file work_4.pdb (PDB, C-alpha atoms)
ATOM      1  CA  MET A 177      41.689 128.777  88.388
ATOM      2  CA  ASP A 178      38.498 130.309  87.002
ATOM      3  CA  LEU A 179      36.093 130.721  89.905
ATOM      4  CA  TYR A 180      33.044 130.786  87.655
ATOM      5  CA  GLU A 181      34.023 127.511  85.993
ATOM      6  CA  ILE A 182      34.488 125.896  89.399
ATOM      7  CA  LEU A 183      30.900 126.776  90.298
ATOM      8  CA  LYS A 184      29.742 125.863  86.764
ATOM      9  CA  LEU A 185      28.538 129.394  86.087
ATOM     10  CA  LYS A 186      28.891 132.139  83.504
ATOM     11  CA  PRO A 187      30.545 135.446  84.514
ATOM     12  CA  SER A 188      27.140 137.125  84.186
ATOM     13  CA  ALA A 189      25.651 134.922  86.954
ATOM     14  CA  THR A 190      23.370 136.626  89.468
ATOM     15  CA  LYS A 191      23.786 136.291  93.239
ATOM     16  CA  ASP A 192      20.856 133.856  93.361
ATOM     17  CA  GLU A 193      22.459 131.718  90.657
ATOM     18  CA  ILE A 194      25.746 131.671  92.551
ATOM     19  CA  SER A 195      24.022 130.521  95.730
ATOM     20  CA  SER A 196      21.947 127.930  93.895
ATOM     21  CA  SER A 197      24.952 126.410  92.123
ATOM     22  CA  TYR A 198      26.907 126.294  95.371
ATOM     23  CA  ARG A 199      24.105 124.431  97.132
ATOM     24  CA  LYS A 200      23.885 121.890  94.311
ATOM     25  CA  LEU A 201      27.632 121.258  94.374
ATOM     26  CA  ALA A 202      27.580 121.013  98.167
ATOM     27  CA  MET A 203      25.106 118.140  97.903
ATOM     28  CA  LYS A 204      27.839 116.182  96.122
ATOM     29  CA  TYR A 205      31.175 117.465  97.443
ATOM     30  CA  HIS A 206      30.528 118.609 101.045
ATOM     31  CA  PRO A 207      32.602 116.610 103.583
ATOM     32  CA  ASP A 208      29.373 115.398 105.223
ATOM     33  CA  LYS A 209      28.585 113.642 101.950
ATOM     34  CA  ASN A 210      32.049 112.091 101.742
ATOM     35  CA  GLY A 211      32.596 110.498 105.141
ATOM     36  CA  GLY A 212      33.974 113.679 106.668
ATOM     37  CA  VAL A 213      36.771 113.905 104.109
ATOM     38  CA  GLU A 214      37.422 117.392 102.740
ATOM     39  CA  THR A 215      38.444 116.875  99.115
ATOM     40  CA  GLU A 216      40.498 119.235  96.997
ATOM     41  CA  GLU A 217      37.427 119.861  94.837
ATOM     42  CA  TRP A 218      35.429 120.964  97.873
ATOM     43  CA  GLY A 219      38.217 123.340  98.872
ATOM     44  CA  LYS A 220      38.053 124.997  95.449
ATOM     45  CA  ILE A 221      34.252 125.207  95.563
ATOM     46  CA  SER A 222      34.291 126.773  99.037
ATOM     47  CA  LYS A 223      36.922 129.335  98.049
ATOM     48  CA  ALA A 224      35.128 130.232  94.820
ATOM     49  CA  TYR A 225      31.825 130.733  96.630
ATOM     50  CA  GLN A 226      33.445 132.781  99.402
ATOM     51  CA  ILE A 227      34.807 135.233  96.822
ATOM     52  CA  LEU A 228      31.892 135.401  94.387
ATOM     53  CA  ALA A 229      29.183 135.625  97.052
ATOM     54  CA  ASP A 230      30.687 138.864  98.390
ATOM     55  CA  ASP A 231      30.098 141.924  96.194
ATOM     56  CA  ASN A 232      33.415 143.608  97.020
ATOM     57  CA  SER A 233      35.647 140.571  96.531
ATOM     58  CA  ARG A 234      33.726 139.566  93.385
ATOM     59  CA  SER A 235      34.251 143.018  91.898
ATOM     60  CA  LEU A 236      37.978 142.830  92.577
ATOM     61  CA  TYR A 237      38.177 139.354  91.068
ATOM     62  CA  ASP A 238      36.148 140.335  88.001
ATOM     63  CA  ASN A 239      38.253 143.402  87.302
ATOM     64  CA  PHE A 240      41.717 142.313  88.365
ATOM     65  CA  GLY A 241      41.711 138.524  88.700
ATOM     66  CA  THR A 242      42.718 138.938  92.324
ATOM     67  CA  ILE A 243      41.149 140.027  95.608
ATOM     68  CA  ASN A 244      44.189 142.081  96.538
ATOM     69  CA  ASN A 245      42.472 145.347  97.408
ATOM     70  CA  SER A 246      45.644 147.447  97.262
ATOM     71  CA  LEU A 247      46.274 146.329  93.675
ATOM     72  CA  GLY A 248      42.683 147.148  92.733
ATOM     73  CA  SER A 249      42.774 150.610  94.275
ATOM     74  CA  ASN A 250      46.112 151.448  92.645
ATOM     75  CA  ALA A 251      44.878 150.323  89.219
ATOM     76  CA  SER A 252      41.524 152.051  89.199
ATOM     77  CA  PHE A 253      41.219 155.383  87.386
ATOM     78  CA  ASN A 254      37.434 155.389  87.700
ATOM     79  CA  SER A 255      37.479 157.894  90.553
ATOM     80  CA  HIS A 256      38.666 160.469  87.985
ATOM     81  CA  VAL A 257      36.140 159.485  85.312
ATOM     82  CA  GLY A 258      32.608 159.105  86.591
ATOM     83  CA  GLY A 259      33.236 157.598  89.995
ATOM     84  CA  GLU A 260      30.991 154.855  91.340
ATOM     85  CA  LEU A 261      27.792 156.195  89.757
ATOM     86  CA  TRP A 262      29.170 155.562  86.253
ATOM     87  CA  GLN A 263      30.583 152.113  86.986
ATOM     88  CA  SER A 264      27.473 150.300  85.712
ATOM     89  CA  TYR A 265      27.731 152.092  82.342
ATOM     90  CA  ILE A 266      31.472 151.956  81.647
ATOM     91  CA  GLY A 267      32.856 149.218  83.886
ATOM     92  CA  ASN A 268      36.378 149.355  85.291
ATOM     93  CA  LEU A 269      38.800 151.323  83.123
ATOM     94  CA  GLU A 270      41.507 149.129  81.599
ATOM     95  CA  ILE A 271      43.771 152.146  81.191
ATOM     96  CA  GLY A 272      44.640 151.971  84.903
ATOM     97  CA  LEU A 273      45.884 148.407  84.511
ATOM     98  CA  TRP A 274      47.803 149.406  81.397
ATOM     99  CA  MET A 275      49.688 152.012  83.437
ATOM    100  CA  LEU A 276      50.513 149.347  86.026
ATOM    101  CA  SER A 277      52.181 147.270  83.319
ATOM    102  CA  PHE A 278      55.176 149.623  83.535
ATOM    103  CA  MET A 279      55.785 148.510  87.122
ATOM    104  CA  ASP A 280      58.144 145.656  87.964
ATOM    105  CA  ASN A 281      55.927 143.520  90.169
ATOM    106  CA  SER A 282      55.614 139.734  90.121
ATOM    107  CA  GLU A 283      51.980 140.036  91.229
ATOM    108  CA  LEU A 284      51.131 141.629  87.890
ATOM    109  CA  GLU A 285      52.371 138.851  85.597
ATOM    110  CA  ASN A 286      49.052 137.016  85.371
ATOM    111  CA  LEU A 287      47.133 140.289  85.223
ATOM    112  CA  PHE A 288      48.447 141.082  81.746
ATOM    113  CA  SER A 289      48.268 137.620  80.188
ATOM    114  CA  THR A 290      46.095 137.374  77.061
ATOM    115  CA  GLY A 291      43.666 135.016  78.766
ATOM    116  CA  GLU A 292      43.267 137.277  81.782
ATOM    117  CA  LYS A 293      42.666 140.371  79.644
ATOM    118  CA  GLU A 294      40.046 138.515  77.597
ATOM    119  CA  ARG A 295      38.365 137.295  80.796
ATOM    120  CA  ARG A 296      38.229 140.814  82.244
ATOM    121  CA  HIS A 297      36.828 142.175  78.990
ATOM    122  CA  ALA A 298      34.118 139.496  78.765
ATOM    123  CA  ILE A 299      33.031 140.106  82.362
ATOM    124  CA  ARG A 300      33.037 143.871  81.897
ATOM    125  CA  VAL A 301      30.936 143.686  78.741
ATOM    126  CA  SER A 302      28.437 141.168  80.130
ATOM    127  CA  SER A 303      27.978 143.264  83.278
ATOM    128  CA  ILE A 304      27.277 146.477  81.336
ATOM    129  CA  VAL A 305      24.997 144.649  78.879
ATOM    130  CA  ARG A 306      22.991 143.113  81.714
ATOM    131  CA  TYR A 307      22.612 146.507  83.390
ATOM    132  CA  LEU A 308      21.491 148.261  80.190
ATOM    133  CA  GLN A 309      19.040 145.502  79.284
ATOM    134  CA  ASN A 310      17.439 145.622  82.730
ATOM    135  CA  LYS A 311      17.260 149.400  82.563
ATOM    136  CA  LEU A 312      15.841 149.721  79.056
ATOM    137  CA  PHE A 313      13.470 146.763  78.876
ATOM    138  CA  ARG A 314      10.037 147.832  80.084
ATOM    139  CA  SER A 315       7.205 145.401  80.673
ATOM    140  CA  PRO A 316       3.658 146.489  79.680
ATOM    141  CA  GLU A 317       2.980 147.322  83.336
ATOM    142  CA  GLN A 318       6.108 149.479  83.511
ATOM    143  CA  ASP A 319       5.698 151.155  80.148
ATOM    144  CA  GLU A 320       4.997 154.697  81.345
ATOM    145  CA  SER A 321       7.210 156.722  79.023
ATOM    146  CA  SER A 322       6.810 160.048  80.804
ATOM    147  CA  GLN A 323       7.630 158.549  84.196
ATOM    148  CA  PHE A 324      10.604 156.679  82.770
ATOM    149  CA  GLU A 325      11.937 159.846  81.146
ATOM    150  CA  ARG A 326      11.661 161.703  84.471
ATOM    151  CA  SER A 327      13.695 159.016  86.194
ATOM    152  CA  LEU A 328      16.331 159.244  83.432
ATOM    153  CA  ARG A 329      16.577 163.010  83.839
ATOM    154  CA  GLU A 330      16.923 162.733  87.606
ATOM    155  CA  GLU A 331      19.700 160.196  87.199
ATOM    156  CA  ALA A 332      21.412 162.299  84.501
ATOM    157  CA  LYS A 333      21.645 165.269  86.883
ATOM    158  CA  LYS A 334      23.439 163.097  89.433
ATOM    159  CA  LEU A 335      25.725 161.614  86.782
ATOM    160  CA  SER A 336      26.660 165.070  85.496
ATOM    161  CA  ASP A 337      28.013 166.049  88.920
ATOM    162  CA  GLU A 338      30.598 163.254  88.909
ATOM    163  CA  PRO A 339      34.192 163.786  87.659
ATOM    164  CA  ASN A 340      34.020 164.307  83.877
ATOM    165  CA  GLY A 341      30.289 163.620  84.171
ATOM    166  CA  LYS A 342      29.183 166.023  81.440
ATOM    167  CA  LYS A 343      31.813 164.670  79.034
ATOM    168  CA  LEU A 344      30.572 161.144  79.695
ATOM    169  CA  LEU A 345      26.952 162.187  79.184
ATOM    170  CA  SER A 346      27.835 163.786  75.867
ATOM    171  CA  THR A 347      30.082 160.981  74.580
ATOM    172  CA  LEU A 348      27.876 158.052  75.575
ATOM    173  CA  GLY A 349      24.690 159.928  74.737
ATOM    174  CA  LYS A 350      25.815 160.310  71.107
ATOM    175  CA  ILE A 351      26.825 156.654  70.923
ATOM    176  CA  TYR A 352      23.491 155.464  72.314
ATOM    177  CA  ILE A 353      21.575 157.583  69.794
ATOM    178  CA  ASP A 354      23.732 156.482  66.849
ATOM    179  CA  GLU A 355      23.546 152.779  67.713
ATOM    180  CA  ALA A 356      19.821 152.853  68.450
ATOM    181  CA  GLU A 357      18.946 154.780  65.288
ATOM    182  CA  ALA A 358      21.113 152.462  63.203
ATOM    183  CA  TYR A 359      19.209 149.487  64.592
ATOM    184  CA  LEU A 360      15.830 151.113  64.037
ATOM    185  CA  LYS A 361      16.790 151.879  60.439
ATOM    186  CA  LYS A 362      18.050 148.299  60.059
ATOM    187  CA  SER A 363      21.374 149.632  58.855
ATOM    188  CA  SER A 364      24.708 148.427  60.152
ATOM    189  CA  THR A 365      27.250 150.776  61.617
ATOM    190  CA  VAL A 366      30.877 150.546  60.596
ATOM    191  CA  GLU A 367      32.771 148.422  63.076
ATOM    192  CA  SER A 368      36.419 149.265  63.645
ATOM    193  CA  ASN A 369      39.074 147.046  65.125
ATOM    194  CA  ASP A 370      38.428 148.180  68.689
ATOM    195  CA  PHE A 371      41.627 146.786  70.145
ATOM    196  CA  SER A 372      43.882 148.261  67.452
ATOM    197  CA  TYR A 373      42.111 151.607  67.654
ATOM    198  CA  LEU A 374      42.455 151.626  71.425
ATOM    199  CA  MET A 375      46.159 150.847  71.241
ATOM    200  CA  GLU A 376      46.685 153.646  68.722
ATOM    201  CA  ARG A 377      45.042 156.086  71.085
ATOM    202  CA  LEU A 378      47.069 154.789  74.023
ATOM    203  CA  VAL A 379      50.281 155.359  72.100
ATOM    204  CA  LEU A 380      49.070 158.808  71.108
ATOM    205  CA  TYR A 381      48.490 159.771  74.717
ATOM    206  CA  LEU A 382      51.609 158.108  76.054
ATOM    207  CA  ASN A 383      53.685 161.244  75.528
ATOM    208  CA  ILE A 384      51.010 163.335  77.195
ATOM    209  CA  PHE A 385      51.033 161.019  80.197
ATOM    210  CA  PHE A 386      54.784 160.906  80.673
ATOM    211  CA  GLY A 387      55.080 164.614  80.024
ATOM    212  CA  TYR A 388      52.576 165.109  82.793
ATOM    213  CA  LEU A 389      54.523 162.797  85.128
ATOM    214  CA  THR A 390      57.647 164.843  84.467
ATOM    215  CA  SER A 391      55.828 168.018  85.409
ATOM    216  CA  LEU A 392      54.876 166.529  88.770
ATOM    217  CA  THR A 393      58.445 167.000  89.961
ATOM    218  CA  LYS A 394      58.014 170.750  89.549
ATOM    219  CA  ASN A 395      54.360 171.397  90.227
ATOM    220  CA  LYS A 396      51.848 169.745  92.496
ATOM    221  CA  PRO A 397      48.869 168.806  90.281
ATOM    222  CA  ASN A 398      45.360 169.745  91.260
ATOM    223  CA  LEU A 399      42.438 167.347  90.977
ATOM    224  CA  GLU A 400      40.951 169.115  87.962
ATOM    225  CA  GLU A 401      44.170 168.659  85.968
ATOM    226  CA  VAL A 402      44.342 164.970  86.865
ATOM    227  CA  ASN A 403      40.701 164.458  85.867
ATOM    228  CA  LYS A 404      41.311 166.125  82.495
ATOM    229  CA  LEU A 405      44.325 163.947  81.796
ATOM    230  CA  VAL A 406      42.579 160.711  82.714
ATOM    231  CA  TRP A 407      39.629 161.681  80.512
ATOM    232  CA  LYS A 408      41.954 162.158  77.528
ATOM    233  CA  LEU A 409      43.537 158.771  78.194
ATOM    234  CA  SER A 410      40.277 156.897  78.699
ATOM    235  CA  LYS A 411      37.839 158.472  76.217
ATOM    236  CA  SER A 412      38.644 156.041  73.378
ATOM    237  CA  GLU A 413      38.401 153.038  75.694
ATOM    238  CA  ILE A 414      35.032 154.180  77.036
ATOM    239  CA  SER A 415      33.687 154.876  73.537
ATOM    240  CA  SER A 416      34.804 151.461  72.304
ATOM    241  CA  ILE A 417      33.214 149.577  75.212
ATOM    242  CA  ALA A 418      29.991 151.595  74.840
ATOM    243  CA  GLN A 419      29.688 150.730  71.141
ATOM    244  CA  GLU A 420      30.315 147.045  71.801
ATOM    245  CA  THR A 421      27.810 146.805  74.643
ATOM    246  CA  CYS A 422      25.140 148.705  72.708
ATOM    247  CA  LYS A 423      25.363 146.212  69.840
ATOM    248  CA  LYS A 424      25.060 143.280  72.223
ATOM    249  CA  VAL A 425      22.018 144.850  73.880
ATOM    250  CA  LEU A 426      20.295 145.624  70.584
ATOM    251  CA  TYR A 427      21.158 142.515  68.579
ATOM    252  CA  ASN A 428      20.022 139.902  71.084
ATOM    253  CA  GLU A 429      18.768 136.712  69.425
ATOM    254  CA  ASN A 430      16.853 135.714  72.560
ATOM    255  CA  ARG A 431      14.367 138.576  72.144
ATOM    256  CA  ASN A 432      11.669 139.094  69.583
ATOM    257  CA  GLU A 433      11.918 142.072  67.229
ATOM    258  CA  ALA A 434       9.182 144.057  68.951
ATOM    259  CA  GLU A 435      11.069 143.934  72.250
ATOM    260  CA  SER A 436      14.338 144.909  70.571
ATOM    261  CA  ILE A 437      12.662 147.866  68.849
ATOM    262  CA  GLN A 438      11.283 148.987  72.192
ATOM    263  CA  ILE A 439      14.741 148.785  73.773
ATOM    264  CA  ALA A 440      16.242 150.722  70.844
ATOM    265  CA  LYS A 441      13.681 153.508  71.311
ATOM    266  CA  TYR A 442      14.443 153.751  75.012
ATOM    267  CA  MET A 443      18.179 153.703  74.326
ATOM    268  CA  CYS A 444      17.663 156.604  71.949
ATOM    269  CA  LEU A 445      15.657 158.420  74.635
ATOM    270  CA  LEU A 446      18.416 157.800  77.173
ATOM    271  CA  GLY A 447      20.981 159.236  74.765
ATOM    272  CA  LYS A 448      18.905 162.346  74.079
ATOM    273  CA  VAL A 449      18.343 162.970  77.791
ATOM    274  CA  TRP A 450      22.061 162.665  78.446
ATOM    275  CA  LEU A 451      22.976 164.994  75.575
ATOM    276  CA  GLU A 452      20.544 167.622  76.824
ATOM    277  CA  GLU A 453      21.898 167.390  80.373
ATOM    278  CA  SER A 454      25.494 167.624  79.158
ATOM    279  CA  LYS A 455      24.757 171.059  77.643
ATOM    280  CA  LEU A 456      23.246 172.577  80.803
TER     281      LEU A 456
END
call {"tool": "encode", "arguments": {"input": "work_4.pdb", "output": "structure tokens"}}
result
Amino acid sequence: MDLYEILKLKPSATKDEISSSYRKLAMKYHPDKNGGVETEEWGKISKAYQILADDNSRSLYDNFGTINNSLGSNASFNSHVGGELWQSYIGNLEIGLWMLSFMDNSELENLFSTGEKERRHAIRVSSIVRYLQNKLFRSPEQDESSQFERSLREEAKKLSDEPNGKKLLSTLGKIYIDEAEAYLKKSSTVESNDFSYLMERLVLYLNIFFGYLTSLTKNKPNLEEVNKLVWKLSKSEISSIAQETCKKVLYNENRNEAESIQIAKYMCLLGKVWLEESKL
């Protein structure tokens, strides 16, 4: 069952929206409103709220369709690419789940269904888009460019210290600049078939991955080697998700053109700051 549908919400719902929807549904389905009878519908509503109201369980559900923490920790490769600080920019890496698909585990059947993969992708994209929009949109009162740039540089220094941080700064920085400049010039960038491209890259790196696994029987890998491998496996995925989210941030029909131009300029600034930091 889709927990967001049960609470009549979109995956991008805020915590306040989750609480508000729950209260409204409780007015109709709570046992106190039904002669003390706990209906099946109320059971679903209670369970959905219990999971989505908690940040940790919601994150597990959004990324893996389950709140099984051991499955989530085994699937996540993010600790090798950016860690927690980068999560808001790149989301949870799908490559970790792809590796799990080689395991024979009944728990994983739903995880790799087409509908579940599409749901995870939609949630991942909407979460990154929401974060970027909130970061880049500046109200007139907030519009202090020099102060904003300082905050970006301070953040970039912290991001660069994370696993593969400089590579992420360089890769995403270039994408942000390209997408923002394309919008400002009113030209369209060439869109590739992201899924097909990603699969091609996954196949390309498959031999690298299994060759590496074979070497584990002879040599104990160090963390740096693991981080390098995971970066090679995930770079295409990260680039693809960054391009998609940038377009959604820039080409938002709910904003006027002046606001979108402002966001594009700040996205370009963010990219330039990240590129500069990646070279230090």
call {"tool": "closest_residue", "arguments": {"input": "work_4.pdb", "among": "A:Lys311, A:Leu360, A:Ile266, A:Val257", "to": "Phe324 of chain A", "atoms": "all atoms listed in the file"}}
result
A:Lys311
call {"tool": "residues_around", "arguments": {"input": "work_4.pdb", "residues": "segment 299-302 of chain A", "least_positions_apart": "4", "cutoff": "12 Å", "atoms": "all atoms listed in the file", "output": "NGL selection string"}}
result
:A and (180 or 186-190 or 234-241 or 263-270 or 292-295 or 306-309 or 414 or 416-425)
call {"tool": "atom_distance", "arguments": {"input": "work_4.pdb", "atom1": "atom CA of Cys444 of chain A", "atom2": "atom CA of Ala356 of chain A"}}
result
5.6 Å
call {"tool": "residues_near_point", "arguments": {"input": "work_4.pdb", "point": "(35.1, 129.9, 99.0)", "cutoff": "12 Å", "atoms": "all atoms listed in the file", "output": "list in words"}}
result
Leu179, Tyr180, Ile182, Leu183, Ile194, Ser195, Tyr198, Ala202, Glu217, Trp218, Gly219, Lys220, Ile221, Ser222, Lys223, Ala224, Tyr225, Gln226, Ile227, Leu228, Ala229, Asp230, Ser233 and Arg234 of chain A
call {"tool": "closest_residue", "arguments": {"input": "work_4.pdb", "among": "A:Lys441, A:Lys455, A:Lys200, A:Lys191", "to": "Ser321 of chain A", "atoms": "all atoms listed in the file"}}
result
A:Lys441
call {"tool": "closest_residue", "arguments": {"input": "work_4.pdb", "among": "A:His256, A:Lys184, A:Lys448, A:Lys334", "to": "Ile353 of chain A", "atoms": "all atoms listed in the file"}}
result
A:Lys448
call {"tool": "closest_residue", "arguments": {"input": "work_4.pdb", "among": "A:Leu426, A:Glu401, A:Trp262, A:His297", "to": "Ala358 of chain A", "atoms": "only C-alpha atoms"}}
result
A:Leu426
call {"tool": "residues_around", "arguments": {"input": "work_4.pdb", "residues": "segment 335-339 of chain A", "least_positions_apart": "6", "cutoff": "12 Å", "atoms": "all atoms listed in the file", "output": "JSON list (two decimals) with C-alpha atoms, in the frame of the given file"}}
result
[["chain", "number", "residue", "atom", "x", "y", "z"],
["A", 253, "PHE", "CA", 41.22, 155.38, 87.39],
["A", 254, "ASN", "CA", 37.43, 155.39, 87.70],
["A", 255, "SER", "CA", 37.48, 157.89, 90.55],
["A", 256, "HIS", "CA", 38.67, 160.47, 87.98],
["A", 257, "VAL", "CA", 36.14, 159.49, 85.31],
["A", 258, "GLY", "CA", 32.61, 159.10, 86.59],
["A", 259, "GLY", "CA", 33.24, 157.60, 90.00],
["A", 260, "GLU", "CA", 30.99, 154.85, 91.34],
["A", 261, "LEU", "CA", 27.79, 156.20, 89.76],
["A", 262, "TRP", "CA", 29.17, 155.56, 86.25],
["A", 263, "GLN", "CA", 30.58, 152.11, 86.99],
["A", 264, "SER", "CA", 27.47, 150.30, 85.71],
["A", 265, "TYR", "CA", 27.73, 152.09, 82.34],
["A", 328, "LEU", "CA", 16.33, 159.24, 83.43],
["A", 329, "ARG", "CA", 16.58, 163.01, 83.84],
["A", 345, "LEU", "CA", 26.95, 162.19, 79.18],
["A", 346, "SER", "CA", 27.84, 163.79, 75.87],
["A", 348, "LEU", "CA", 27.88, 158.05, 75.58],
["A", 399, "LEU", "CA", 42.44, 167.35, 90.98],
["A", 400, "GLU", "CA", 40.95, 169.12, 87.96],
["A", 401, "GLU", "CA", 44.17, 168.66, 85.97],
["A", 402, "VAL", "CA", 44.34, 164.97, 86.86],
["A", 403, "ASN", "CA", 40.70, 164.46, 85.87],
["A", 404, "LYS", "CA", 41.31, 166.12, 82.50],
["A", 405, "LEU", "CA", 44.32, 163.95, 81.80],
["A", 406, "VAL", "CA", 42.58, 160.71, 82.71],
["A", 407, "TRP", "CA", 39.63, 161.68, 80.51],
["A", 449, "VAL", "CA", 18.34, 162.97, 77.79],
["A", 450, "TRP", "CA", 22.06, 162.66, 78.45],
["A", 451, "LEU", "CA", 22.98, 164.99, 75.58],
["A", 452, "GLU", "CA", 20.54, 167.62, 76.82],
["A", 453, "GLU", "CA", 21.90, 167.39, 80.37],
["A", 454, "SER", "CA", 25.49, 167.62, 79.16],
["A", 455, "LYS", "CA", 24.76, 171.06, 77.64],
["A", 456, "LEU", "CA", 23.25, 172.58, 80.80]]
call {"tool": "atom_distance", "arguments": {"input": "work_4.pdb", "atom1": "atom CA of Asn340 of chain A", "atom2": "atom CA of Gly447 of chain A"}}
result
16.7 Å
call {"tool": "atom_distance", "arguments": {"input": "work_4.pdb", "atom1": "atom CA of Ala440 of chain A", "atom2": "atom CA of Asn428 of chain A"}}
result
11.5 Å
call {"tool": "decode", "arguments": {"input": "work_4.pdb", "residues": "segment 417-436 of chain A", "atoms": "N, CA and C atoms", "output": "short mmCIF file (atom, residue, chain, number, x, y, z; two decimals), in the first residue's frame"}}
result
data_model
loop_
_atom_site.label_atom_id
_atom_site.label_comp_id
_atom_site.auth_asym_id
_atom_site.auth_seq_id
_atom_site.Cartn_x
_atom_site.Cartn_y
_atom_site.Cartn_z
N ILE A 417 20.64 12.25 -12.31
CA ILE A 417 19.65 12.77 -11.36
C ILE A 417 19.83 14.27 -11.19
N ALA A 418 21.08 14.75 -11.25
CA ALA A 418 21.34 16.18 -11.12
C ALA A 418 20.76 16.96 -12.30
N GLN A 419 20.93 16.43 -13.50
CA GLN A 419 20.38 17.09 -14.69
C GLN A 419 18.85 17.14 -14.64
N GLU A 420 18.25 16.05 -14.24
CA GLU A 420 16.78 16.00 -14.16
C GLU A 420 16.25 16.98 -13.12
N THR A 421 16.87 17.01 -11.96
CA THR A 421 16.36 17.89 -10.90
C THR A 421 16.59 19.36 -11.23
N CYS A 422 17.71 19.66 -11.89
CA CYS A 422 17.97 21.05 -12.29
C CYS A 422 16.86 21.55 -13.23
N LYS A 423 16.50 20.73 -14.20
CA LYS A 423 15.45 21.13 -15.15
C LYS A 423 14.12 21.38 -14.44
N LYS A 424 13.81 20.53 -13.47
CA LYS A 424 12.55 20.69 -12.75
C LYS A 424 12.56 21.96 -11.89
N VAL A 425 13.73 22.29 -11.35
CA VAL A 425 13.86 23.51 -10.55
C VAL A 425 13.71 24.74 -11.44
N LEU A 426 14.37 24.71 -12.59
CA LEU A 426 14.40 25.89 -13.46
C LEU A 426 13.10 26.08 -14.23
N TYR A 427 12.54 25.01 -14.74
CA TYR A 427 11.35 25.12 -15.59
C TYR A 427 10.10 24.81 -14.77
N ASN A 428 9.84 25.66 -13.81
CA ASN A 428 8.69 25.50 -12.91
C ASN A 428 7.58 26.46 -13.34
N GLU A 429 6.46 25.91 -13.78
CA GLU A 429 5.36 26.73 -14.30
C GLU A 429 4.66 27.55 -13.21
N ASN A 430 4.91 27.22 -11.96
CA ASN A 430 4.25 27.92 -10.86
C ASN A 430 4.98 29.19 -10.44
N ARG A 431 6.11 29.48 -11.10
CA ARG A 431 6.85 30.70 -10.80
C ARG A 431 6.81 31.65 -11.98
N ASN A 432 6.96 32.93 -11.70
CA ASN A 432 7.07 33.87 -12.80
C ASN A 432 8.50 33.87 -13.33
N GLU A 433 8.70 34.44 -14.50
CA GLU A 433 10.01 34.36 -15.17
C GLU A 433 11.10 35.07 -14.38
N ALA A 434 10.75 36.16 -13.73
CA ALA A 434 11.76 36.90 -12.96
C ALA A 434 12.32 36.04 -11.83
N GLU A 435 11.44 35.30 -11.17
CA GLU A 435 11.88 34.43 -10.08
C GLU A 435 12.74 33.28 -10.62
N SER A 436 12.36 32.74 -11.76
CA SER A 436 13.12 31.64 -12.35
C SER A 436 14.51 32.11 -12.79
#
